[in-house]
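Student: Structure incoming, see below.
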Amino acid sequence: MTTIKPALESAARATIAARTEELFRRSGAFREGHFLLKSGRHGDAYVEKFAVLSDPAATSELCGFWAAATRGQDREPMVDLVAGPTTGGVILAFETGRQLGLRAIFAEEVRAADGTTHREFRRGFRIEPGERVLLVDDILTTGGSLLAMIPAVEAMGGEIVECTVLVDRSGGKLTLTSPLTGRTYPVRSLWQLDLPTYAPGPATCPLCLDGTPLHAPGSTGTGA
């Protein structure tokens with residue numbers, strides 16, 4: 001049994017990853033071309049999360065993978081609430097919470113007087129001391145959104161059980177370390193996507209070299 005169970009878990013992860021990729025491609029969320037990424041680097045593929053999040057059936061199925069993994073052998077949730085960062089994390093947290101029968105809250109980015117930003121739970125959202133929290137988000141690249149959420153949860157006394165994302169583009173981060181307490185938390189993804197990125201310019205980016213039009217996707221749309 002000690003060898004069969006890991007094999008079954010590995011097979012299940014591969015099946016979930018393949019289905020996640022299928023849903024992203026079918027919704028048009030996985031795009032190929034020449035893109036200016038948020039990091040400032042260039043890439044030949046881009047994941048537009050809101051293309052898949054605009055499909056309620058696909059979103060429900062993806063969150064269902066998280067919900068199933070969060071239940072214990074007695075089928076009861078192993079967490080007390082679900083939290084996500086604005087913007088995509090709001091949809092994911094609430095759908096996952098709905099399936100688990102738990103509260104779902106979100107943390108917003110707030111700018112301090114000195115110009116720095118951090119995330120806060122506002123609008124009356126509360127985490128009681130000792131409550132077990134599942135953090136969810138859409139795409140993990142640098143981990144910045146989740147890293148900014150961790151101190152907000154810790155400050156309220158919440159216990160983070162796991163950080164989970166739809167797609168991991170980080171190169172395979174296994175943990176995130178709190179900038180507040182130094183504690184580390186496990187990270188899990190449905191689909192790990194390893195795509196090359198390039199420094200801008202024809203000397204380093206083959207897409208710049210061959211003159212492929214550059215697009216800057218995101219909340220402002222796509223533009224050359």
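FYI, nothing fancy with the structure tokens labels: chains A, B, ... in order, residues from 1 per chain, ligands from 1 as they appear.
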Identify, on the basis of only C-alpha atoms, every residue whose closest approach to segment 133-138 of chain A does not exceed 7 Å; exclude the query and any residue fewer than 2 positions from it along the same chain; express the result as a PyMOL selection string.
Tutor: chain A and resi 49+79-85+88-89+92-93+131+140+158-167
Student: DSSP on the backbone, then: every residue of segment 6-195 of chain A marked strand (DSSP E), written as a count of residues only.
Tutor: 62
Student: Have a look at atom CA of Arg122 of chain A and atom CA of Glu48 of chain A and let me know their distance in Å, one decimal.
Tutor: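 Separation of atom CA of Arg122 of chain A and atom CA of Glu48 of chain A: 27.0 Å.
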Student: In Å, rounded to a single decimal, give me how far atom CA of Ser39 of chain A is from atom CA of Thr141 of chain A.
Tutor: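 Atom CA of Ser39 of chain A lies at a distance of 9.0 Å from atom CA of Thr141 of chain A.
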Student: Could you give me, as a tab-separated table, every segment 37-90 of chain A residue with an atom at most 8 Å from segment 25-33 of chain A, plus its closest atom pair and distance in Å to one decimal, counting only C-alpha atoms, rows ordered by chain then number?
Tutor:
```
residue	atom	partner	partner_atom	distance
A:Gly43	CA	A:Gly33	CA	7.8
A:Asp44	CA	A:Gly33	CA	5.0
A:Ala45	CA	A:Glu32	CA	4.2
A:Tyr46	CA	A:Arg31	CA	5.2
A:Val47	CA	A:Phe30	CA	4.7
A:Glu48	CA	A:Ala29	CA	4.6
A:Lys49	CA	A:Ala29	CA	5.8
A:Phe50	CA	A:Ala29	CA	7.2
A:Ala51	CA	A:Ala29	CA	4.9
A:Val52	CA	A:Ser27	CA	5.4
A:Asp55	CA	A:Ser27	CA	7.6
```
Student: Write a file of the selected residues as a compact mmCIF listing (two decimals), in the first residue's frame, keeping N, CA, C and O atoms.
Tutor:
```txt
# COMPACT_ATOMS: atom_id res chain seq x y z
N GLY A 43 7.42 36.83 -23.60
CA GLY A 43 7.14 35.41 -23.66
C GLY A 43 6.37 35.08 -24.91
O GLY A 43 5.78 35.95 -25.55
N ASP A 44 6.38 33.78 -25.27
CA ASP A 44 5.66 33.36 -26.47
C ASP A 44 4.29 32.76 -26.15
O ASP A 44 3.61 32.24 -27.03
N ALA A 45 3.90 32.85 -24.88
CA ALA A 45 2.57 32.38 -24.48
C ALA A 45 2.11 33.21 -23.29
O ALA A 45 2.92 33.75 -22.53
N TYR A 46 0.81 33.33 -23.14
CA TYR A 46 0.22 34.13 -22.07
C TYR A 46 -1.04 33.45 -21.57
O TYR A 46 -1.81 32.89 -22.36
N VAL A 47 -1.22 33.46 -20.27
CA VAL A 47 -2.42 32.87 -19.67
C VAL A 47 -3.34 34.00 -19.25
O VAL A 47 -3.01 34.76 -18.33
N GLU A 48 -4.47 34.15 -19.92
CA GLU A 48 -5.47 35.16 -19.57
C GLU A 48 -6.52 34.49 -18.68
O GLU A 48 -7.48 33.90 -19.17
N LYS A 49 -6.29 34.59 -17.40
CA LYS A 49 -7.11 33.85 -16.43
C LYS A 49 -8.59 34.19 -16.54
O LYS A 49 -9.45 33.31 -16.34
N PHE A 50 -8.92 35.43 -16.87
CA PHE A 50 -10.33 35.80 -16.86
C PHE A 50 -11.11 35.18 -18.01
O PHE A 50 -12.34 35.12 -17.97
N ALA A 51 -10.40 34.67 -19.01
CA ALA A 51 -11.11 33.96 -20.08
C ALA A 51 -11.71 32.66 -19.54
O ALA A 51 -12.82 32.28 -19.92
N VAL A 52 -11.00 32.00 -18.63
CA VAL A 52 -11.56 30.78 -18.05
C VAL A 52 -12.48 31.11 -16.87
O VAL A 52 -13.49 30.43 -16.65
N ASP A 55 -16.19 31.59 -17.49
CA ASP A 55 -16.98 30.39 -17.76
C ASP A 55 -17.36 29.76 -16.42
O ASP A 55 -16.53 29.10 -15.78
```
Student: Could you pull out the residues in segment 64-152 of chain A that DSSP calls helix (DSSP H, G or I) from the backbone, as a list in words?
Tutor: Gly64, Phe65, Trp66, Ala67, Ala68, Ala69, Gly88, Gly89, Val90, Ile91, Leu92, Ala93, Phe94, Glu95, Thr96, Gly97, Arg98, Gln99, Leu100, Gly144, Ser145, Leu146, Leu147, Ala148, Met149, Ile150, Pro151 and Ala152 of chain A
Student: Please save N, CA and C atoms of the selected residues as a PDB file, in the first residue's frame.
Tutor:
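Done, and the output landed in result22.pdb:
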```pdb
ATOM      1  N   GLY A  64     -13.676  22.698  -7.848  1.00  0.00           N
ATOM      2  CA  GLY A  64     -14.050  21.397  -7.322  1.00  0.00           C
ATOM      3  C   GLY A  64     -12.847  20.521  -7.043  1.00  0.00           C
ATOM      4  N   PHE A  65     -11.780  20.669  -7.833  1.00  0.00           N
ATOM      5  CA  PHE A  65     -10.550  19.920  -7.561  1.00  0.00           C
ATOM      6  C   PHE A  65      -9.975  20.318  -6.208  1.00  0.00           C
ATOM      7  N   TRP A  66      -9.976  21.638  -5.933  1.00  0.00           N
ATOM      8  CA  TRP A  66      -9.485  22.110  -4.636  1.00  0.00           C
ATOM      9  C   TRP A  66     -10.376  21.615  -3.505  1.00  0.00           C
ATOM     10  N   ALA A  67     -11.681  21.730  -3.705  1.00  0.00           N
ATOM     11  CA  ALA A  67     -12.617  21.329  -2.652  1.00  0.00           C
ATOM     12  C   ALA A  67     -12.445  19.857  -2.304  1.00  0.00           C
ATOM     13  N   ALA A  68     -12.291  19.011  -3.318  1.00  0.00           N
ATOM     14  CA  ALA A  68     -12.129  17.579  -3.072  1.00  0.00           C
ATOM     15  C   ALA A  68     -10.847  17.304  -2.296  1.00  0.00           C
ATOM     16  N   ALA A  69      -9.770  18.012  -2.647  1.00  0.00           N
ATOM     17  CA  ALA A  69      -8.486  17.789  -1.982  1.00  0.00           C
ATOM     18  C   ALA A  69      -8.472  18.326  -0.556  1.00  0.00           C
ATOM     19  N   GLY A  88      -8.937  38.066  -9.362  1.00  0.00           N
ATOM     20  CA  GLY A  88      -9.352  36.715  -9.702  1.00  0.00           C
ATOM     21  C   GLY A  88      -9.588  35.826  -8.503  1.00  0.00           C
ATOM     22  N   GLY A  89      -8.846  36.062  -7.432  1.00  0.00           N
ATOM     23  CA  GLY A  89      -8.990  35.259  -6.233  1.00  0.00           C
ATOM     24  C   GLY A  89     -10.340  35.398  -5.563  1.00  0.00           C
ATOM     25  N   VAL A  90     -11.049  36.483  -5.849  1.00  0.00           N
ATOM     26  CA  VAL A  90     -12.385  36.665  -5.281  1.00  0.00           C
ATOM     27  C   VAL A  90     -13.330  35.592  -5.817  1.00  0.00           C
ATOM     28  N   ILE A  91     -13.343  35.436  -7.136  1.00  0.00           N
ATOM     29  CA  ILE A  91     -14.209  34.439  -7.771  1.00  0.00           C
ATOM     30  C   ILE A  91     -13.863  33.044  -7.269  1.00  0.00           C
ATOM     31  N   LEU A  92     -12.573  32.734  -7.249  1.00  0.00           N
ATOM     32  CA  LEU A  92     -12.124  31.399  -6.866  1.00  0.00           C
ATOM     33  C   LEU A  92     -12.412  31.096  -5.404  1.00  0.00           C
ATOM     34  N   ALA A  93     -12.199  32.076  -4.528  1.00  0.00           N
ATOM     35  CA  ALA A  93     -12.463  31.854  -3.107  1.00  0.00           C
ATOM     36  C   ALA A  93     -13.941  31.598  -2.857  1.00  0.00           C
ATOM     37  N   PHE A  94     -14.801  32.386  -3.502  1.00  0.00           N
ATOM     38  CA  PHE A  94     -16.223  32.233  -3.228  1.00  0.00           C
ATOM     39  C   PHE A  94     -16.776  30.930  -3.797  1.00  0.00           C
ATOM     40  N   GLU A  95     -16.314  30.503  -4.965  1.00  0.00           N
ATOM     41  CA  GLU A  95     -16.797  29.239  -5.523  1.00  0.00           C
ATOM     42  C   GLU A  95     -16.278  28.048  -4.715  1.00  0.00           C
ATOM     43  N   THR A  96     -15.014  28.106  -4.298  1.00  0.00           N
ATOM     44  CA  THR A  96     -14.469  27.027  -3.473  1.00  0.00           C
ATOM     45  C   THR A  96     -15.184  26.978  -2.130  1.00  0.00           C
ATOM     46  N   GLY A  97     -15.420  28.143  -1.536  1.00  0.00           N
ATOM     47  CA  GLY A  97     -16.148  28.195  -0.278  1.00  0.00           C
ATOM     48  C   GLY A  97     -17.564  27.669  -0.418  1.00  0.00           C
ATOM     49  N   ARG A  98     -18.198  27.972  -1.542  1.00  0.00           N
ATOM     50  CA  ARG A  98     -19.557  27.483  -1.774  1.00  0.00           C
ATOM     51  C   ARG A  98     -19.581  25.955  -1.792  1.00  0.00           C
ATOM     52  N   GLN A  99     -18.622  25.371  -2.488  1.00  0.00           N
ATOM     53  CA  GLN A  99     -18.603  23.916  -2.600  1.00  0.00           C
ATOM     54  C   GLN A  99     -18.271  23.238  -1.271  1.00  0.00           C
ATOM     55  N   LEU A 100     -17.489  23.920  -0.443  1.00  0.00           N
ATOM     56  CA  LEU A 100     -17.126  23.351   0.851  1.00  0.00           C
ATOM     57  C   LEU A 100     -18.127  23.710   1.953  1.00  0.00           C
ATOM     58  N   GLY A 144       3.718  37.108  -5.641  1.00  0.00           N
ATOM     59  CA  GLY A 144       3.526  38.376  -4.941  1.00  0.00           C
ATOM     60  C   GLY A 144       2.166  38.552  -4.297  1.00  0.00           C
ATOM     61  N   SER A 145       1.092  38.168  -4.997  1.00  0.00           N
ATOM     62  CA  SER A 145      -0.257  38.365  -4.454  1.00  0.00           C
ATOM     63  C   SER A 145      -0.473  37.539  -3.194  1.00  0.00           C
ATOM     64  N   LEU A 146      -0.051  36.281  -3.238  1.00  0.00           N
ATOM     65  CA  LEU A 146      -0.217  35.426  -2.062  1.00  0.00           C
ATOM     66  C   LEU A 146       0.712  35.858  -0.929  1.00  0.00           C
ATOM     67  N   LEU A 147       1.945  36.253  -1.274  1.00  0.00           N
ATOM     68  CA  LEU A 147       2.872  36.715  -0.241  1.00  0.00           C
ATOM     69  C   LEU A 147       2.332  37.944   0.477  1.00  0.00           C
ATOM     70  N   ALA A 148       1.625  38.805  -0.260  1.00  0.00           N
ATOM     71  CA  ALA A 148       1.044  39.993   0.359  1.00  0.00           C
ATOM     72  C   ALA A 148      -0.160  39.646   1.224  1.00  0.00           C
ATOM     73  N   MET A 149      -0.807  38.508   0.932  1.00  0.00           N
ATOM     74  CA  MET A 149      -1.967  38.095   1.725  1.00  0.00           C
ATOM     75  C   MET A 149      -1.581  37.442   3.042  1.00  0.00           C
ATOM     76  N   ILE A 150      -0.450  36.739   3.025  1.00  0.00           N
ATOM     77  CA  ILE A 150      -0.066  35.953   4.205  1.00  0.00           C
ATOM     78  C   ILE A 150       0.001  36.801   5.477  1.00  0.00           C
ATOM     79  N   PRO A 151       0.669  37.984   5.465  1.00  0.00           N
ATOM     80  CA  PRO A 151       0.694  38.785   6.698  1.00  0.00           C
ATOM     81  C   PRO A 151      -0.697  39.222   7.160  1.00  0.00           C
ATOM     82  N   ALA A 152      -1.611  39.468   6.199  1.00  0.00           N
ATOM     83  CA  ALA A 152      -2.961  39.883   6.576  1.00  0.00           C
ATOM     84  C   ALA A 152      -3.672  38.766   7.333  1.00  0.00           C
TER      85      ALA A 152
END
```
Student: Compile the contact shell of segment 192-204 of chain A as a JSON list (two decimals) with C-alpha atoms, in the first residue's frame: residues with an atom at most 7 Å away, counting only C-alpha atoms, same-chain residues fewer than 6 positions apart removed.
Tutor:
```
[["chain", "number", "residue", "atom", "x", "y", "z"],
["A", 41, "ARG", "CA", 10.08, 40.21, -19.85],
["A", 42, "HIS", "CA", 8.77, 38.80, -23.12],
["A", 43, "GLY", "CA", 7.14, 35.41, -23.66],
["A", 167, "VAL", "CA", -1.53, 27.52, -12.72],
["A", 168, "ASP", "CA", 2.06, 27.58, -11.48],
["A", 169, "ARG", "CA", 4.35, 29.58, -13.77],
["A", 171, "GLY", "CA", 9.21, 27.22, -12.12]]
```
Student: Under the rule that only C-alpha atoms are counted, which of A:Leu209, A:Ile139, A:Ala216, A:Ala18 is the nearest residue to Val187 of chain A?
Tutor: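 Ranking A:Leu209, A:Ile139, A:Ala216, A:Ala18 by distance to Val187 of chain A, first place goes to A:Ile139.
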Student: Can you work out which one of A:Phe121, A:Asp74, A:Arg132, A:Asp114 has the shortest atom-to-atom distance to Thr86 of chain A, counting only C-alpha atoms?
Tutor: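 Smallest separation from Thr86 of chain A among the options: A:Phe121.
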Student: Kindly indicate which residue among A:Leu176, A:Ile105, A:Ser10, A:Thr181 lies nearest to Arg123 of chain A, using only C-alpha atoms for the distances.
Tutor: A:Ile105
Student: By how many Å are atom CA of Ala58 of chain A and atom CA of Ala17 of chain A apart?
Tutor: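 Atom-to-atom, atom CA of Ala58 of chain A to atom CA of Ala17 of chain A, that is 13.7 Å.
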Student: So, counting only C-alpha atoms, which residue among A:Ala155, A:Thr87, A:Asp210, A:Lys38 is closest to Leu53 of chain A?
Tutor: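 Using only C-alpha atoms, Leu53 of chain A sits closest to A:Thr87.
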